[in-house]
Amino acid sequence: HPLTDSLAVGAITFIKEGLVKAFEDGTDAQAREQMAVGSMMAGMAFSNASVTLVHGMSRPVGALFHVPHGLSNAMLLPAVMEFTKPSAVDRLGGIGELLNPALAALPAGAKA
């Protein structure tokens, strides 16, 4: 949905700008604000669209093996992204370009 997509893109943008700065300097108020706004936008996005396959799969991993949710998501994300890629290559490419603008110069087939 366009609203959910715009919230997700906004979240990625804010978090990209603030994450490293906030981690390196916890007193950087601007970076912390970027993280707070990005987190809020991400929450709004997935509250309207639900969470992805990786979250659903990570819950039993956490419950059965006592793995923290964030870690189980990180463990499963590469496989889920590979599974999802054929149906979401344009969206995933757009996220890649948000995170690394140099990717925009690549031909479309090279981004997949």
# chains A, B, ... in the order shown; residues from 1 in each chain; ligands from 1
>>> select_by_dssp(residues="chain A", states="alpha helix (DSSP H)", output="number ranges by chain")
A: 2-24, 29-49, 53-65, 69-99
>>> residues_around(residues="segment 49-55 of chain A", least_positions_apart="5", cutoff="9 Å", atoms="only C-alpha atoms", output="list in words")
His1, Thr4, Met44, His69, Ser72, Asn73, Ala74, Leu76, Leu77, Ala79, Val80 and Met81 of chain A
>>> write_last_selection(atoms="C-alpha atoms", output="JSON list (two decimals), in the first residue's frame")
[["chain", "number", "residue", "atom", "x", "y", "z"],
["A", 1, "HIS", "CA", 0.00, 0.00, 0.00],
["A", 4, "THR", "CA", 2.78, 1.75, 4.23],
["A", 44, "MET", "CA", 3.44, 2.58, 11.87],
["A", 69, "HIS", "CA", 14.21, -12.02, 18.72],
["A", 72, "SER", "CA", 16.86, -14.88, 15.32],
["A", 73, "ASN", "CA", 15.64, -12.32, 12.77],
["A", 74, "ALA", "CA", 19.24, -11.64, 11.73],
["A", 76, "LEU", "CA", 16.93, -16.00, 9.21],
["A", 77, "LEU", "CA", 16.96, -12.79, 7.16],
["A", 79, "ALA", "CA", 17.25, -16.98, 3.55],
["A", 80, "VAL", "CA", 13.97, -15.06, 3.73],
["A", 81, "MET", "CA", 15.35, -12.29, 1.50]]
>>> residues_around(residues="Ile12 of chain A", least_positions_apart="4", cutoff="10 Å", atoms="only C-alpha atoms", output="PyMOL selection string")
chain A and resi 6-8+16-18+35+38-39+41-42+95+98-99
